[in-house]
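Asks: Sharing my_file_22.cif here; it has mmCIF, C-alpha atoms.
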data_protein
loop_
_atom_site.group_PDB
_atom_site.id
_atom_site.type_symbol
_atom_site.label_atom_id
_atom_site.label_comp_id
_atom_site.auth_asym_id
_atom_site.auth_seq_id
_atom_site.Cartn_x
_atom_site.Cartn_y
_atom_site.Cartn_z
ATOM 1 C CA ALA A 228 22.873 27.918 -6.854
ATOM 2 C CA ARG A 229 20.772 30.041 -9.193
ATOM 3 C CA GLU A 230 20.368 27.057 -11.551
ATOM 4 C CA GLN A 231 19.174 24.916 -8.637
ATOM 5 C CA ALA A 232 16.662 27.547 -7.588
ATOM 6 C CA ASN A 233 15.296 27.645 -11.110
ATOM 7 C CA ALA A 234 15.290 23.835 -11.419
ATOM 8 C CA ALA A 235 12.876 23.264 -8.552
ATOM 9 C CA PRO A 236 10.028 25.324 -10.037
ATOM 10 C CA GLN A 237 10.590 23.660 -13.421
ATOM 11 C CA GLY A 238 10.401 20.233 -11.733
ATOM 12 C CA ASN A 239 7.178 21.272 -10.043
ATOM 13 C CA GLN A 240 5.876 22.599 -13.345
ATOM 14 C CA ASP A 241 6.680 19.292 -15.064
ATOM 15 C CA ALA A 242 4.928 17.342 -12.305
ATOM 16 C CA ARG A 243 1.920 19.676 -12.500
ATOM 17 C CA GLN A 244 1.736 19.201 -16.266
ATOM 18 C CA LYS A 245 1.836 15.407 -15.909
ATOM 19 C CA ILE A 246 -0.957 15.510 -13.330
ATOM 20 C CA LEU A 247 -3.096 17.707 -15.584
ATOM 21 C CA GLU A 248 -2.492 15.325 -18.494
ATOM 22 C CA PHE A 249 -3.467 12.386 -16.289
ATOM 23 C CA ALA A 250 -6.651 14.168 -15.194
ATOM 24 C CA LYS A 251 -7.561 14.808 -18.816
ATOM 25 C CA THR A 252 -7.059 11.127 -19.608
ATOM 26 C CA ALA A 253 -8.993 10.070 -16.515
ATOM 27 C CA LYS A 254 -11.937 12.256 -17.520
ATOM 28 C CA SER A 255 -12.147 10.333 -20.790
ATOM 29 C CA ILE A 256 -13.114 7.209 -18.806
ATOM 30 C CA ALA A 257 -16.892 6.983 -18.457
ATOM 31 C CA SER A 258 -16.850 5.458 -14.962
ATOM 32 C CA VAL A 259 -14.585 8.267 -13.730
ATOM 33 C CA ARG A 260 -16.948 10.920 -15.115
ATOM 34 C CA THR A 261 -19.931 9.154 -13.532
ATOM 35 C CA ARG A 262 -18.234 9.072 -10.129
ATOM 36 C CA GLU A 263 -17.098 12.668 -10.472
ATOM 37 C CA GLU A 264 -20.664 13.794 -11.247
ATOM 38 C CA ALA A 265 -21.973 11.806 -8.282
ATOM 39 C CA ILE A 266 -19.453 13.496 -5.978
ATOM 40 C CA PHE A 267 -20.439 16.964 -7.190
ATOM 41 C CA LYS A 268 -24.148 16.123 -6.722
ATOM 42 C CA HIS A 269 -23.444 14.758 -3.243
ATOM 43 C CA LEU A 270 -21.579 17.942 -2.288
ATOM 44 C CA GLU A 271 -24.515 19.979 -3.584
ATOM 45 C CA VAL A 272 -26.991 17.928 -1.513
ATOM 46 C CA LEU A 273 -24.812 18.517 1.559
ATOM 47 C CA GLY A 274 -24.647 22.231 0.780
ATOM 48 C CA LEU A 275 -20.882 22.167 0.418
ATOM 49 C CA GLU A 276 -19.048 24.363 -2.061
ATOM 50 C CA PRO A 277 -16.251 22.552 -3.959
ATOM 51 C CA THR A 278 -13.818 25.412 -3.239
ATOM 52 C CA ASN A 279 -14.569 25.646 0.500
ATOM 53 C CA ARG A 280 -11.592 24.582 2.688
ATOM 54 C CA THR A 281 -13.737 22.175 4.737
ATOM 55 C CA THR A 282 -15.006 20.595 1.532
ATOM 56 C CA VAL A 283 -11.490 20.242 0.156
ATOM 57 C CA GLU A 284 -10.377 18.586 3.422
ATOM 58 C CA LEU A 285 -13.344 16.210 3.217
ATOM 59 C CA ILE A 286 -12.478 15.311 -0.378
ATOM 60 C CA ILE A 287 -8.819 14.754 0.537
ATOM 61 C CA THR A 288 -9.820 12.492 3.433
ATOM 62 C CA ASN A 289 -12.119 10.498 1.171
ATOM 63 C CA LEU A 290 -9.381 10.208 -1.446
ATOM 64 C CA ALA A 291 -6.890 9.024 1.185
ATOM 65 C CA PHE A 292 -9.423 6.456 2.414
ATOM 66 C CA ALA A 293 -9.999 5.194 -1.126
ATOM 67 C CA GLN A 294 -6.241 4.969 -1.667
ATOM 68 C CA ALA A 295 -5.833 2.985 1.575
ATOM 69 C CA LEU A 296 -8.536 0.548 0.480
ATOM 70 C CA THR A 297 -6.945 0.203 -2.950
ATOM 71 C CA PHE A 298 -3.551 -0.408 -1.353
ATOM 72 C CA ALA A 299 -4.958 -3.169 0.859
ATOM 73 C CA ALA A 300 -6.876 -4.857 -1.956
ATOM 74 C CA THR A 301 -3.878 -4.731 -4.276
ATOM 75 C CA LEU A 302 -1.537 -6.048 -1.589
ATOM 76 C CA TYR A 303 -3.893 -8.906 -0.785
ATOM 77 C CA ARG A 304 -3.980 -9.896 -4.432
ATOM 78 C CA VAL A 305 -0.186 -10.369 -4.595
ATOM 79 C CA ILE A 306 0.909 -11.238 -1.055
ATOM 80 C CA PHE A 307 1.835 -14.813 -0.145
ATOM 81 C CA GLY A 308 0.173 -16.723 2.675
ATOM 82 C CA SER A 309 3.528 -17.041 4.462
ATOM 83 C CA GLN A 310 3.891 -13.256 4.444
ATOM 84 C CA ILE A 311 0.426 -12.877 5.980
ATOM 85 C CA GLU A 312 1.457 -15.445 8.595
ATOM 86 C CA LEU A 313 4.516 -13.306 9.392
ATOM 87 C CA LEU A 314 2.407 -10.144 9.656
ATOM 88 C CA LYS A 315 0.030 -11.883 12.045
ATOM 89 C CA ALA A 316 2.921 -13.006 14.258
ATOM 90 C CA LEU A 317 4.374 -9.509 14.288
ATOM 91 C CA ASN A 318 0.936 -8.061 15.018
ATOM 92 C CA ALA A 319 0.838 -10.072 18.234
ATOM 93 C CA GLY A 320 3.321 -7.516 19.555
ATOM 94 C CA LEU A 321 6.500 -9.362 18.751
ATOM 95 C CA THR A 322 9.562 -8.097 16.998
ATOM 96 C CA LEU A 323 11.532 -10.834 15.371
ATOM 97 C CA SER A 324 15.168 -11.288 14.525
ATOM 98 C CA GLU A 325 16.167 -11.724 10.905
ATOM 99 C CA ARG A 326 16.723 -15.426 11.641
ATOM 100 C CA GLU A 327 13.202 -15.783 13.070
ATOM 101 C CA VAL A 328 11.696 -14.019 10.043
ATOM 102 C CA ARG A 329 13.724 -16.273 7.769
ATOM 103 C CA ASN A 330 12.063 -19.270 9.467
ATOM 104 C CA PHE A 331 8.691 -18.159 8.028
ATOM 105 C CA TYR A 332 10.281 -18.088 4.589
ATOM 106 C CA SER A 333 11.975 -21.477 5.088
ATOM 107 C CA LYS A 334 8.715 -23.097 6.150
ATOM 108 C CA ALA A 335 6.982 -21.759 3.025
ATOM 109 C CA HIS A 336 9.936 -22.793 0.858
ATOM 110 C CA LYS A 337 9.568 -26.389 2.078
ATOM 111 C CA LYS A 338 5.804 -26.355 1.500
ATOM 112 C CA PHE A 339 6.000 -24.722 -1.969
ATOM 113 C CA PRO A 340 9.434 -25.665 -3.363
ATOM 114 C CA GLY A 341 8.505 -24.952 -6.985
ATOM 115 C CA LEU A 342 7.366 -21.424 -6.196
ATOM 116 C CA TYR A 343 10.346 -20.578 -4.044
ATOM 117 C CA LYS A 344 12.977 -22.270 -6.226
ATOM 118 C CA ASP A 345 13.847 -18.964 -7.919
ATOM 119 C CA PHE A 346 12.462 -16.643 -5.216
ATOM 120 C CA PRO A 347 15.124 -15.820 -2.599
ATOM 121 C CA TYR A 348 14.525 -14.819 0.995
ATOM 122 C CA ASP A 349 15.645 -11.215 0.434
ATOM 123 C CA SER A 350 12.995 -10.731 -2.272
ATOM 124 C CA TRP A 351 10.324 -12.298 -0.049
ATOM 125 C CA ARG A 352 11.220 -10.004 2.885
ATOM 126 C CA ASP A 353 11.849 -6.904 0.769
ATOM 127 C CA PHE A 354 8.388 -7.207 -0.789
ATOM 128 C CA LEU A 355 6.987 -6.407 2.660
ATOM 129 C CA LEU A 356 9.602 -3.775 3.493
ATOM 130 C CA LEU A 357 9.066 -1.891 0.226
ATOM 131 C CA ARG A 358 5.319 -1.791 0.759
ATOM 132 C CA GLY A 359 5.834 -0.417 4.249
ATOM 133 C CA VAL A 360 3.980 -3.167 6.122
ATOM 134 C CA ILE A 361 7.091 -4.189 8.057
ATOM 135 C CA ALA A 362 10.116 -2.190 9.182
ATOM 136 C CA ARG A 363 13.622 -3.117 10.187
ATOM 137 C CA ASN A 364 15.223 -1.593 13.264
ATOM 138 C CA SER A 365 18.909 -1.272 12.412
ATOM 139 C CA GLU A 366 19.928 -0.763 16.055
ATOM 140 C CA THR A 367 18.261 -3.880 17.460
ATOM 141 C CA ARG A 368 18.429 -5.775 14.162
ATOM 142 C CA THR A 369 14.799 -6.774 14.513
ATOM 143 C CA ILE A 370 11.775 -6.599 12.243
ATOM 144 C CA GLY A 371 8.365 -5.383 13.350
ATOM 145 C CA ILE A 372 5.002 -4.595 11.864
ATOM 146 C CA THR A 373 4.113 -1.025 10.887
ATOM 147 C CA GLN A 374 0.771 0.730 11.240
ATOM 148 C CA GLU A 375 0.277 0.123 7.508
ATOM 149 C CA GLY A 376 0.698 -3.608 8.194
ATOM 150 C CA ARG A 377 -1.771 -3.493 11.084
ATOM 151 C CA ASP A 378 -4.257 -1.611 8.922
ATOM 152 C CA PHE A 379 -3.875 -4.256 6.214
ATOM 153 C CA LEU A 380 -4.678 -7.055 8.676
ATOM 154 C CA THR A 381 -7.653 -5.057 9.987
ATOM 155 C CA TRP A 382 -8.885 -4.601 6.409
ATOM 156 C CA MET A 383 -8.638 -8.365 5.875
ATOM 157 C CA THR A 384 -10.701 -8.987 9.011
ATOM 158 C CA ILE A 385 -13.347 -6.412 8.086
ATOM 159 C CA GLN A 386 -13.577 -7.873 4.572
ATOM 160 C CA GLY A 387 -13.861 -11.364 6.014
ATOM 161 C CA ILE A 388 -11.331 -12.711 3.547
ATOM 162 C CA SER A 389 -9.150 -15.740 4.042
ATOM 163 C CA GLU A 390 -5.732 -15.592 5.625
ATOM 164 C CA GLU A 391 -4.966 -18.877 3.883
ATOM 165 C CA LYS A 392 -3.233 -18.127 0.601
ATOM 166 C CA TYR A 393 -0.796 -19.885 -1.650
ATOM 167 C CA GLY A 394 2.877 -19.298 -0.956
#
So that I can check it, write out the structure of this file as structure tokens.

Replies:
Amino acid sequence: AREQANAAPQGNQDARQKILEFAKTAKSIASVRTREEAIFKHLEVLGLEPTNRTTVELIITNLAFAQALTFAATLYRVIFGSQIELLKALNAGLTLSEREVRNFYSKAHKKFPGLYKDFPYDSWRDFLLLRGVIARNSETRTIGITQEGRDFLTWMTIQGISEEKYG
């Protein structure tokens, strides 16, 4: 038990060290330094101290917003059109059985046989599950959209980008 108690702080220390090393590396990137300076100047203009709790909360919220935008943009870059089609159907308030979800995959497989030749259904579905845009209810054995999935579709609409994608 004593070893476990000592292991947790060491794990936290290792994680802290990695984060500090990352920050040092990040500061070596000119565009990061430029943005950092702009943030400090903006805080100064607003009369906010960087160590003030309200300021820290504001910075955390802005970071979370930037991460959400990055998540959506990255997901859009790699998601297939058939997966967007599934998300849209689920967003209409439906939960679908595994068989119904598989129909979206099967339709795409017929339309893009070369792409799907070595890309099984489980990988297609799990891509969405692992990114947290859909969830599986083990009791009802249905799949539904998550808030992350809804936010992704909202981001697409706000960006005015096409729902029509390959795959």

Asks: Evaluate the PyMOL selection byres ((chain A and resi 318-326) around 7) here and jot the selected residues down as number ranges by chain.

Replies: A: 314-317, 327-330, 368-372, 377

Asks: Any chance you could export the current selection's C-alpha atoms as a PDB file, keeping the file's coordinate frame?

Replies:
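See again05.pdb below for the written result:
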ATOM      1  CA  LEU A 314       2.407 -10.144   9.656  1.00  0.00           C
ATOM      2  CA  LYS A 315       0.030 -11.883  12.045  1.00  0.00           C
ATOM      3  CA  ALA A 316       2.921 -13.006  14.258  1.00  0.00           C
ATOM      4  CA  LEU A 317       4.374  -9.509  14.288  1.00  0.00           C
ATOM      5  CA  GLU A 327      13.202 -15.783  13.070  1.00  0.00           C
ATOM      6  CA  VAL A 328      11.696 -14.019  10.043  1.00  0.00           C
ATOM      7  CA  ARG A 329      13.724 -16.273   7.769  1.00  0.00           C
ATOM      8  CA  ASN A 330      12.063 -19.270   9.467  1.00  0.00           C
ATOM      9  CA  ARG A 368      18.429  -5.775  14.162  1.00  0.00           C
ATOM     10  CA  THR A 369      14.799  -6.774  14.513  1.00  0.00           C
ATOM     11  CA  ILE A 370      11.775  -6.599  12.243  1.00  0.00           C
ATOM     12  CA  GLY A 371       8.365  -5.383  13.350  1.00  0.00           C
ATOM     13  CA  ILE A 372       5.002  -4.595  11.864  1.00  0.00           C
ATOM     14  CA  ARG A 377      -1.771  -3.493  11.084  1.00  0.00           C
TER      15      ARG A 377
END

Asks: Which residue gives the smallest distance to A:Ala300 among A:Leu356, A:Leu285, A:Ile388, A:Phe339, with only C-alpha atoms counted?

Replies: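 Residue with the minimum atom-to-atom distance to A:Ala300: A:Ile388.
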
Asks: Would you pick out the contacts of A:Pro347 at 10 Å or less, using all atoms listed in the file, so that residues sharing its chain but fewer than 4 positions from it are not included, and give the list as a list in words?

Replies: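 The contact residues come out as Tyr332, His336, Tyr343, Trp351 and Arg352 of chain A.
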
Asks: What separation in Å, quoted to one decimal, exists between atom CA of A:Leu296 and atom CA of A:Gly394?

Replies: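 Spanning atom CA of A:Leu296 to atom CA of A:Gly394 is a straight-line distance of 22.9 Å.
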
Asks: So how far away is atom CA of A:Trp382 from atom CA of A:Phe292, in Å?

Replies: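 About the pair atom CA of A:Phe292 and atom CA of A:Trp382: they are 11.8 Å apart.
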
Asks: Around the point (3.5, -25.8, 2.8) (coordinates from the file), which residues reach within 10 Å if we count all atoms listed in the file? Answer as a count of residues only.

Replies: 12

Asks: Rounded to one decimal place, report the atom CA of A:Lys254-atom CA of A:Lys268 distance in Å.

Replies: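 Computing the Euclidean distance for atom CA of A:Lys254 and atom CA of A:Lys268 yields 16.8 Å.
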
Asks: Would you mind listing what lies within 12 Å of A:Leu357 as a PyMOL selection string, with only C-alpha atoms counted and same-chain residues fewer than 6 positions away left out?

Replies: chain A and resi 302+349-351+363+373+375-376

Asks: What would the selection look like, as a list in words, if the PyMOL selection byres ((chain A and resi 303) around 10) were run on the coordinates I just shared?

Replies: Thr297, Phe298, Ala299, Ala300, Thr301, Leu302, Arg304, Val305, Ile306, Phe307, Gly308, Ile311, Phe379, Leu380, Trp382, Met383, Ile388, Ser389, Glu390 and Lys392 of chain A

Asks: Stretch 374-381 of chain A, all listed atoms, 8 Å padding on each side: what axis-aligned box centre and edge lengths in Å to one decimal come out, as JSON?

Replies:
{"center_x": -3.4, "center_y": -3.2, "center_z": 8.7, "size_x": 24.4, "size_y": 23.8, "size_z": 21.0}

Asks: Only all heavy atoms, please: stretch 323-339 of chain A from the block, as an mmCIF file, in the first residue's frame.

Replies:
data_model
loop_
_atom_site.group_PDB
_atom_site.id
_atom_site.type_symbol
_atom_site.label_atom_id
_atom_site.label_comp_id
_atom_site.auth_asym_id
_atom_site.auth_seq_id
_atom_site.Cartn_x
_atom_site.Cartn_y
_atom_site.Cartn_z
ATOM 1 N N LEU A 323 -30.616 3.618 -33.309
ATOM 2 C CA LEU A 323 -30.679 2.560 -34.301
ATOM 3 C C LEU A 323 -30.102 1.269 -33.754
ATOM 4 O O LEU A 323 -29.179 1.299 -32.936
ATOM 5 C CB LEU A 323 -29.902 2.973 -35.560
ATOM 6 C CG LEU A 323 -30.379 4.243 -36.271
ATOM 7 C CD1 LEU A 323 -29.430 4.589 -37.415
ATOM 8 C CD2 LEU A 323 -31.798 4.074 -36.784
ATOM 9 N N SER A 324 -30.644 0.173 -34.236
ATOM 10 C CA SER A 324 -30.083 -1.128 -33.872
ATOM 11 C C SER A 324 -28.761 -1.300 -34.611
ATOM 12 O O SER A 324 -28.473 -0.593 -35.583
ATOM 13 C CB SER A 324 -31.046 -2.243 -34.275
ATOM 14 O OG SER A 324 -31.116 -2.333 -35.698
ATOM 15 N N GLU A 325 -27.995 -2.257 -34.151
ATOM 16 C CA GLU A 325 -26.714 -2.562 -34.809
ATOM 17 C C GLU A 325 -26.954 -2.913 -36.279
ATOM 18 O O GLU A 325 -26.198 -2.500 -37.153
ATOM 19 C CB GLU A 325 -26.024 -3.720 -34.079
ATOM 20 C CG GLU A 325 -24.597 -3.936 -34.468
ATOM 21 C CD GLU A 325 -23.628 -2.959 -33.823
ATOM 22 O OE1 GLU A 325 -23.822 -2.557 -32.664
ATOM 23 O OE2 GLU A 325 -22.645 -2.598 -34.499
ATOM 24 N N ARG A 326 -28.022 -3.643 -36.551
ATOM 25 C CA ARG A 326 -28.351 -4.025 -37.930
ATOM 26 C C ARG A 326 -28.654 -2.794 -38.772
ATOM 27 O O ARG A 326 -28.198 -2.685 -39.918
ATOM 28 C CB ARG A 326 -29.540 -4.988 -37.933
ATOM 29 C CG ARG A 326 -29.913 -5.518 -39.306
ATOM 30 C CD ARG A 326 -31.090 -6.489 -39.270
ATOM 31 N NE ARG A 326 -32.281 -5.990 -38.612
ATOM 32 C CZ ARG A 326 -33.141 -5.118 -39.151
ATOM 33 N NH1 ARG A 326 -32.937 -4.647 -40.351
ATOM 34 N NH2 ARG A 326 -34.205 -4.721 -38.479
ATOM 35 N N GLU A 327 -29.391 -1.832 -38.213
ATOM 36 C CA GLU A 327 -29.714 -0.608 -38.949
ATOM 37 C C GLU A 327 -28.456 0.229 -39.209
ATOM 38 O O GLU A 327 -28.309 0.807 -40.290
ATOM 39 C CB GLU A 327 -30.756 0.213 -38.180
ATOM 40 C CG GLU A 327 -32.112 -0.451 -38.133
ATOM 41 C CD GLU A 327 -33.061 0.224 -37.158
ATOM 42 O OE1 GLU A 327 -32.638 0.554 -36.023
ATOM 43 O OE2 GLU A 327 -34.242 0.419 -37.532
ATOM 44 N N VAL A 328 -27.558 0.279 -38.241
ATOM 45 C CA VAL A 328 -26.301 1.011 -38.423
ATOM 46 C C VAL A 328 -25.465 0.320 -39.500
ATOM 47 O O VAL A 328 -24.881 0.971 -40.366
ATOM 48 C CB VAL A 328 -25.528 1.123 -37.089
ATOM 49 C CG1 VAL A 328 -24.129 1.679 -37.311
ATOM 50 C CG2 VAL A 328 -26.299 1.994 -36.099
ATOM 51 N N ARG A 329 -25.463 -0.993 -39.461
ATOM 52 C CA ARG A 329 -24.713 -1.767 -40.455
ATOM 53 C C ARG A 329 -25.214 -1.481 -41.872
ATOM 54 O O ARG A 329 -24.443 -1.521 -42.833
ATOM 55 C CB ARG A 329 -24.802 -3.259 -40.153
ATOM 56 C CG ARG A 329 -23.895 -4.100 -41.026
ATOM 57 C CD ARG A 329 -24.011 -5.580 -40.696
ATOM 58 N NE ARG A 329 -23.429 -5.939 -39.422
ATOM 59 C CZ ARG A 329 -22.153 -6.280 -39.262
ATOM 60 N NH1 ARG A 329 -21.331 -6.293 -40.286
ATOM 61 N NH2 ARG A 329 -21.700 -6.609 -38.070
ATOM 62 N N ASN A 330 -26.489 -1.147 -42.015
ATOM 63 C CA ASN A 330 -27.041 -0.821 -43.337
ATOM 64 C C ASN A 330 -26.356 0.411 -43.940
ATOM 65 O O ASN A 330 -26.168 0.484 -45.156
ATOM 66 C CB ASN A 330 -28.557 -0.609 -43.270
ATOM 67 C CG ASN A 330 -29.308 -1.903 -43.073
ATOM 68 O OD1 ASN A 330 -28.813 -2.984 -43.390
ATOM 69 N ND2 ASN A 330 -30.509 -1.804 -42.536
ATOM 70 N N PHE A 331 -25.995 1.382 -43.104
ATOM 71 C CA PHE A 331 -25.270 2.566 -43.595
ATOM 72 C C PHE A 331 -23.913 2.135 -44.154
ATOM 73 O O PHE A 331 -23.479 2.615 -45.192
ATOM 74 C CB PHE A 331 -25.068 3.600 -42.471
ATOM 75 C CG PHE A 331 -26.311 4.383 -42.151
ATOM 76 C CD1 PHE A 331 -27.258 3.884 -41.273
ATOM 77 C CD2 PHE A 331 -26.524 5.622 -42.732
ATOM 78 C CE1 PHE A 331 -28.402 4.601 -40.972
ATOM 79 C CE2 PHE A 331 -27.671 6.358 -42.441
ATOM 80 C CZ PHE A 331 -28.612 5.834 -41.566
ATOM 81 N N TYR A 332 -23.260 1.249 -43.407
ATOM 82 C CA TYR A 332 -21.970 0.722 -43.851
ATOM 83 C C TYR A 332 -22.132 -0.056 -45.164
ATOM 84 O O TYR A 332 -21.358 0.135 -46.112
ATOM 85 C CB TYR A 332 -21.369 -0.175 -42.770
ATOM 86 C CG TYR A 332 -20.156 -0.939 -43.230
ATOM 87 C CD1 TYR A 332 -18.897 -0.357 -43.203
ATOM 88 C CD2 TYR A 332 -20.268 -2.251 -43.703
ATOM 89 C CE1 TYR A 332 -17.776 -1.049 -43.633
ATOM 90 C CE2 TYR A 332 -19.154 -2.950 -44.129
ATOM 91 C CZ TYR A 332 -17.921 -2.345 -44.100
ATOM 92 O OH TYR A 332 -16.814 -3.030 -44.531
ATOM 93 N N SER A 333 -23.127 -0.924 -45.218
ATOM 94 C CA SER A 333 -23.336 -1.769 -46.407
ATOM 95 C C SER A 333 -23.591 -0.927 -47.652
ATOM 96 O O SER A 333 -23.072 -1.220 -48.734
ATOM 97 C CB SER A 333 -24.503 -2.731 -46.176
ATOM 98 O OG SER A 333 -24.188 -3.615 -45.125
ATOM 99 N N LYS A 334 -24.375 0.109 -47.490
ATOM 100 C CA LYS A 334 -24.661 1.018 -48.610
ATOM 101 C C LYS A 334 -23.365 1.666 -49.112
ATOM 102 O O LYS A 334 -23.118 1.738 -50.319
ATOM 103 C CB LYS A 334 -25.664 2.082 -48.148
ATOM 104 C CG LYS A 334 -26.156 2.999 -49.222
ATOM 105 C CD LYS A 334 -27.257 3.893 -48.655
ATOM 106 C CE LYS A 334 -27.051 5.306 -49.113
ATOM 107 N NZ LYS A 334 -27.981 6.244 -48.512
ATOM 108 N N ALA A 335 -22.533 2.112 -48.198
ATOM 109 C CA ALA A 335 -21.251 2.731 -48.568
ATOM 110 C C ALA A 335 -20.316 1.694 -49.189
ATOM 111 O O ALA A 335 -19.590 1.992 -50.136
ATOM 112 C CB ALA A 335 -20.603 3.373 -47.346
ATOM 113 N N HIS A 336 -20.342 0.484 -48.658
ATOM 114 C CA HIS A 336 -19.496 -0.593 -49.173
ATOM 115 C C HIS A 336 -19.829 -0.885 -50.634
ATOM 116 O O HIS A 336 -18.928 -1.113 -51.456
ATOM 117 C CB HIS A 336 -19.670 -1.847 -48.318
ATOM 118 C CG HIS A 336 -18.657 -2.904 -48.571
ATOM 119 N ND1 HIS A 336 -18.694 -3.722 -49.687
ATOM 120 C CD2 HIS A 336 -17.576 -3.297 -47.854
ATOM 121 C CE1 HIS A 336 -17.688 -4.563 -49.644
ATOM 122 N NE2 HIS A 336 -16.983 -4.319 -48.544
ATOM 123 N N LYS A 337 -21.121 -0.864 -50.963
ATOM 124 C CA LYS A 337 -21.548 -1.094 -52.351
ATOM 125 C C LYS A 337 -21.132 0.059 -53.258
ATOM 126 O O LYS A 337 -20.749 -0.149 -54.408
ATOM 127 C CB LYS A 337 -23.061 -1.288 -52.417
ATOM 128 C CG LYS A 337 -23.524 -2.619 -51.885
ATOM 129 C CD LYS A 337 -25.030 -2.735 -51.897
ATOM 130 C CE LYS A 337 -25.438 -4.035 -51.198
ATOM 131 N NZ LYS A 337 -26.838 -4.042 -50.835
ATOM 132 N N LYS A 338 -21.194 1.277 -52.728
ATOM 133 C CA LYS A 338 -20.863 2.462 -53.530
ATOM 134 C C LYS A 338 -19.348 2.619 -53.718
ATOM 135 O O LYS A 338 -18.908 3.103 -54.756
ATOM 136 C CB LYS A 338 -21.442 3.707 -52.842
ATOM 137 C CG LYS A 338 -21.356 4.963 -53.666
ATOM 138 C CD LYS A 338 -22.101 6.102 -52.995
ATOM 139 C CE LYS A 338 -22.009 7.372 -53.824
ATOM 140 N NZ LYS A 338 -22.708 8.489 -53.185
ATOM 141 N N PHE A 339 -18.568 2.218 -52.707
ATOM 142 C CA PHE A 339 -17.107 2.373 -52.738
ATOM 143 C C PHE A 339 -16.437 1.030 -52.417
ATOM 144 O O PHE A 339 -15.747 0.907 -51.400
ATOM 145 C CB PHE A 339 -16.660 3.421 -51.719
ATOM 146 C CG PHE A 339 -17.309 4.765 -51.877
ATOM 147 C CD1 PHE A 339 -18.373 5.140 -51.061
ATOM 148 C CD2 PHE A 339 -16.847 5.671 -52.831
ATOM 149 C CE1 PHE A 339 -18.968 6.387 -51.198
ATOM 150 C CE2 PHE A 339 -17.439 6.919 -52.966
ATOM 151 C CZ PHE A 339 -18.509 7.280 -52.150
#
